[in-house]
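Participant: I have a structure here, written as structure tokens, and I will follow up with some questions on it.
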Amino acid sequence: MSLCSREPRVPAARLVAEMVPPPRFDSVRFSTYLPDPNQPSQREAVHVLEEFASGLGQSPGPATGRRGLFGFGRGKAPKVPAGPRGVYLDGGYGVGKTHVLASLWHATEAEPSRKAFGTFVELTNLVGALGFQQTVQTLSGHRLLCIDEFELDDPGDTVLVSSLLARLVEAGVALAATSNTLPGKLGEGRFAAADFMREIQGLSAHFRALRIDGEDYRHRGLPEAPAPYSEEQVTRAARATEGASLDDFTALLDHLARVHPSRYGALTDGLSAVCLTGVRPVPDQSTALRLVVLADRLYDREVPVLTSGEPFDRLFGEEMLKGGYRKKYFRAISRLTALARDAAPLVDAR
């Protein structure tokens with residue numbers, strides 16, 4: 001099986017239906033999140049989001065007729081919320097932000113069709129597929145919208161999502177998001193345009209920011225990622241593993257340029273493992289960003305990644321790791337490292 005032979009077509013209806021927590025987070029709940037005892041902010045974030053979820057068990061409505069998301073109480077009449085209409089989880093890689101965000105989605109008392117969960121990229125892709133007005137109409141009846149990995153990479157997306165969220169807040173939709181940077185700092189070191197920073201500040205007003213400190217749990221007490229294997233080992237494991245794909249890394253990068261990132265999830269449908277030969281540093285930023293999206297989709301679906309060639313910590317050059325998209329690249333390295341560990345038994349069993 002080869003990823004390069006796949007050219008999925010994804011209807012807009014599927015994009016909407018798939019706005020749920022990814023398979024990796026199907027069974028997570030607040031009770032399954034294990035806060036680091038040395039990081040009190042983790043326990044505090046869980047407590048706040050549990051209260052947040054309990055305040056969403058009412059029918060959605062316009063902002064002027066909803067009960068406050070914070071400060072509500074039993075027996076009190078609904079009142080116009082005085083504060084932000086959402087929560088924003090800020091923290092480093094692997095501290096469990098997505099786990100907590102997915103737990104909020106599961107804890108919210110609403111049918112799956114009345115709450116949505118997706119990455120920032122998936123949200124912008126949805127707007128691209130449906131159009132702005134149709135996206136507003138589709139999501140306005142929701143009780144909750146969860147946005148994972150909220151990272152703004154260009155001013156156009158900033159304006160788009162800021163406008164979308166403003167419309168949804170007006171319709172009474174509660175918001176929750178994760179990111180590695182506080183809302184008011186998202187543009188720092190990336191874009192200097194005054195208009196861009198003004199949009200960021202307006203967007204940050206929709207959220208109450210919560211900090212989650214800690215170290216990357218994917219590396220907490222675990223060995224380093226296994227070194228890449230030989231091409232022969234990878235090829236043999238791919239052919240012996242039912243449902244595994246086998247591709248040359250350079251050829252896959254070329255193929256990703258011909259497939260819209262909104263289809264990368266469908267690109268991985270049914271895969272039990274991804275095997276890549278000849279891994280090397282990516283040649284340019286556009287290629288690197290496409291690889292980041294694929295890494296996210298593979299991680300969401302818990303698909304092991306077995307490789308030969310260069311190790312994952314050499315995928316992105318020094319200039320990239322110091323640039324504006326460095327947070328995305330470090331996240332991709334972290335996630336691919338976890339998937340490389342998962343792939344080790346494919347070789348050990350041969």
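Each chain in the structure tokens gets a letter, A, B and so on, in the order shown; residues start at 1 in every chain, and ligands are counted from 1 in the order they appear.
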Using only C-alpha atoms, I'd like a table of the residues in region 240-274 of chain A that come within 10 Å of region 10-19 of chain A; for each, show the closest atom pair and its distance in Å rounded to one decimal, ordered by chain and ascending number, as JSON lines.
Facilitator:
```
{"residue": "A:His260", "atom": "CA", "partner": "A:Val10", "partner_atom": "CA", "distance": 9.9}
{"residue": "A:Ser262", "atom": "CA", "partner": "A:Val10", "partner_atom": "CA", "distance": 8.1}
{"residue": "A:Arg263", "atom": "CA", "partner": "A:Val10", "partner_atom": "CA", "distance": 6.3}
{"residue": "A:Tyr264", "atom": "CA", "partner": "A:Val10", "partner_atom": "CA", "distance": 9.8}
{"residue": "A:Gly265", "atom": "CA", "partner": "A:Val10", "partner_atom": "CA", "distance": 9.5}
{"residue": "A:Ala266", "atom": "CA", "partner": "A:Val10", "partner_atom": "CA", "distance": 7.3}
{"residue": "A:Leu267", "atom": "CA", "partner": "A:Val10", "partner_atom": "CA", "distance": 9.8}
```
Participant: For the residues in that selection, give me N, CA, C and O atoms as a PDB file, in the first residue's frame.
Facilitator:
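Saved file result24.pdb follows:
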```pdb
ATOM      1  N   HIS A 260      -4.816  18.511  -0.932  1.00  0.00           N
ATOM      2  CA  HIS A 260      -5.138  19.585  -0.001  1.00  0.00           C
ATOM      3  C   HIS A 260      -5.036  19.066   1.437  1.00  0.00           C
ATOM      4  O   HIS A 260      -5.478  17.953   1.734  1.00  0.00           O
ATOM      5  N   SER A 262      -6.749  19.473   3.957  1.00  0.00           N
ATOM      6  CA  SER A 262      -8.021  19.035   4.531  1.00  0.00           C
ATOM      7  C   SER A 262      -8.293  17.564   4.258  1.00  0.00           C
ATOM      8  O   SER A 262      -9.153  16.957   4.895  1.00  0.00           O
ATOM      9  N   ARG A 263      -7.552  16.974   3.315  1.00  0.00           N
ATOM     10  CA  ARG A 263      -7.745  15.568   2.950  1.00  0.00           C
ATOM     11  C   ARG A 263      -6.710  14.642   3.580  1.00  0.00           C
ATOM     12  O   ARG A 263      -6.733  13.439   3.335  1.00  0.00           O
ATOM     13  N   TYR A 264      -5.787  15.194   4.364  1.00  0.00           N
ATOM     14  CA  TYR A 264      -4.734  14.343   4.922  1.00  0.00           C
ATOM     15  C   TYR A 264      -5.295  13.288   5.870  1.00  0.00           C
ATOM     16  O   TYR A 264      -4.732  12.204   5.998  1.00  0.00           O
ATOM     17  N   GLY A 265      -6.385  13.625   6.572  1.00  0.00           N
ATOM     18  CA  GLY A 265      -7.004  12.615   7.422  1.00  0.00           C
ATOM     19  C   GLY A 265      -7.504  11.446   6.604  1.00  0.00           C
ATOM     20  O   GLY A 265      -7.262  10.283   6.928  1.00  0.00           O
ATOM     21  N   ALA A 266      -8.196  11.742   5.497  1.00  0.00           N
ATOM     22  CA  ALA A 266      -8.689  10.684   4.611  1.00  0.00           C
ATOM     23  C   ALA A 266      -7.535   9.929   3.969  1.00  0.00           C
ATOM     24  O   ALA A 266      -7.661   8.735   3.668  1.00  0.00           O
ATOM     25  N   LEU A 267      -6.407  10.608   3.786  1.00  0.00           N
ATOM     26  CA  LEU A 267      -5.232   9.964   3.205  1.00  0.00           C
ATOM     27  C   LEU A 267      -4.749   8.808   4.074  1.00  0.00           C
ATOM     28  O   LEU A 267      -4.189   7.825   3.574  1.00  0.00           O
TER      29      LEU A 267
END
```
Participant: Residues within 10 Å of Gln285 (chain A), please, as a PDB file with C-alpha atoms, in the first residue's frame. Count only C-alpha atoms; anything in the same chain fewer than 3 positions from it doesn't count.
Facilitator:
```
ATOM      1  CA  VAL A 282      12.623  18.968   4.449  1.00  0.00           C
ATOM      2  CA  ALA A 288       7.569  21.528   6.229  1.00  0.00           C
ATOM      3  CA  LEU A 289       4.126  22.925   7.065  1.00  0.00           C
ATOM      4  CA  ARG A 290       2.408  20.231   5.007  1.00  0.00           C
ATOM      5  CA  LEU A 291       4.422  17.597   6.856  1.00  0.00           C
ATOM      6  CA  PHE A 316      13.653  20.828  10.231  1.00  0.00           C
ATOM      7  CA  GLY A 317      16.749  22.968   9.778  1.00  0.00           C
ATOM      8  CA  MET A 320      13.181  26.815  10.626  1.00  0.00           C
ATOM      9  CA  TYR A 325       6.626  28.465  12.831  1.00  0.00           C
TER      10      TYR A 325
END
```
Participant: Need the shell around Asp269 (chain A): protein/DNA/RNA residues with any atom at most 12 Å away, counting only C-alpha atoms. Skip same-chain ones fewer than 5 positions apart. Format as JSON, numbers by chain?
Facilitator: {"A": [1, 2, 3, 6, 7, 8, 10, 23, 243, 244, 245, 263, 264, 274, 297, 298, 300, 301, 302, 303]}
Participant: Considering only C-alpha atoms, return as an mmCIF file with C-alpha atoms, in the first residue's frame whatever protein or nucleic-acid residues lie within 12 Å of Leu49 (chain A), sequence-local ones (same chain, fewer than 2 positions apart) excluded.
Facilitator:
```
data_model
loop_
_atom_site.group_PDB
_atom_site.id
_atom_site.type_symbol
_atom_site.label_atom_id
_atom_site.label_comp_id
_atom_site.auth_asym_id
_atom_site.auth_seq_id
_atom_site.Cartn_x
_atom_site.Cartn_y
_atom_site.Cartn_z
ATOM 1 C CA ARG A 29 -12.316 12.116 30.451
ATOM 2 C CA PHE A 30 -11.442 14.588 33.183
ATOM 3 C CA GLN A 42 -2.861 21.312 35.793
ATOM 4 C CA ARG A 43 -5.319 20.427 38.544
ATOM 5 C CA GLU A 44 -6.704 23.972 38.535
ATOM 6 C CA ALA A 45 -7.344 23.826 34.775
ATOM 7 C CA VAL A 46 -9.308 20.586 35.157
ATOM 8 C CA HIS A 47 -11.381 22.123 37.965
ATOM 9 C CA GLU A 51 -17.302 23.952 36.063
ATOM 10 C CA PHE A 52 -17.318 25.299 32.530
ATOM 11 C CA ALA A 53 -18.873 22.064 31.244
ATOM 12 C CA SER A 54 -21.538 22.086 33.953
ATOM 13 C CA GLY A 55 -22.609 25.538 32.775
ATOM 14 C CA LEU A 56 -23.213 24.332 29.236
ATOM 15 C CA LEU A 69 -20.277 30.569 31.827
ATOM 16 C CA PHE A 70 -18.544 31.549 35.063
ATOM 17 C CA GLY A 86 -14.654 30.864 26.430
ATOM 18 C CA VAL A 87 -11.531 29.343 27.926
ATOM 19 C CA TYR A 88 -8.084 29.280 26.419
ATOM 20 C CA LEU A 89 -5.571 26.628 27.549
ATOM 21 C CA LYS A 97 -4.016 20.241 26.748
ATOM 22 C CA HIS A 99 -6.700 15.535 26.606
ATOM 23 C CA VAL A 100 -8.391 18.195 28.757
ATOM 24 C CA LEU A 101 -10.033 19.887 25.767
ATOM 25 C CA ALA A 102 -11.448 16.566 24.534
ATOM 26 C CA SER A 103 -12.646 15.829 28.077
ATOM 27 C CA LEU A 104 -14.586 19.096 27.994
ATOM 28 C CA TRP A 105 -16.217 18.042 24.721
ATOM 29 C CA HIS A 106 -17.222 14.674 26.203
ATOM 30 C CA ALA A 107 -18.480 16.265 29.448
ATOM 31 C CA THR A 108 -20.721 18.779 27.694
ATOM 32 C CA LEU A 175 -15.652 28.486 22.921
ATOM 33 C CA ALA A 176 -12.636 26.560 24.167
ATOM 34 C CA ALA A 177 -9.190 26.418 22.640
ATOM 35 C CA ARG A 208 -10.310 33.483 29.774
ATOM 36 C CA ALA A 209 -6.704 32.273 29.605
ATOM 37 C CA LEU A 210 -5.631 29.311 31.734
#
```
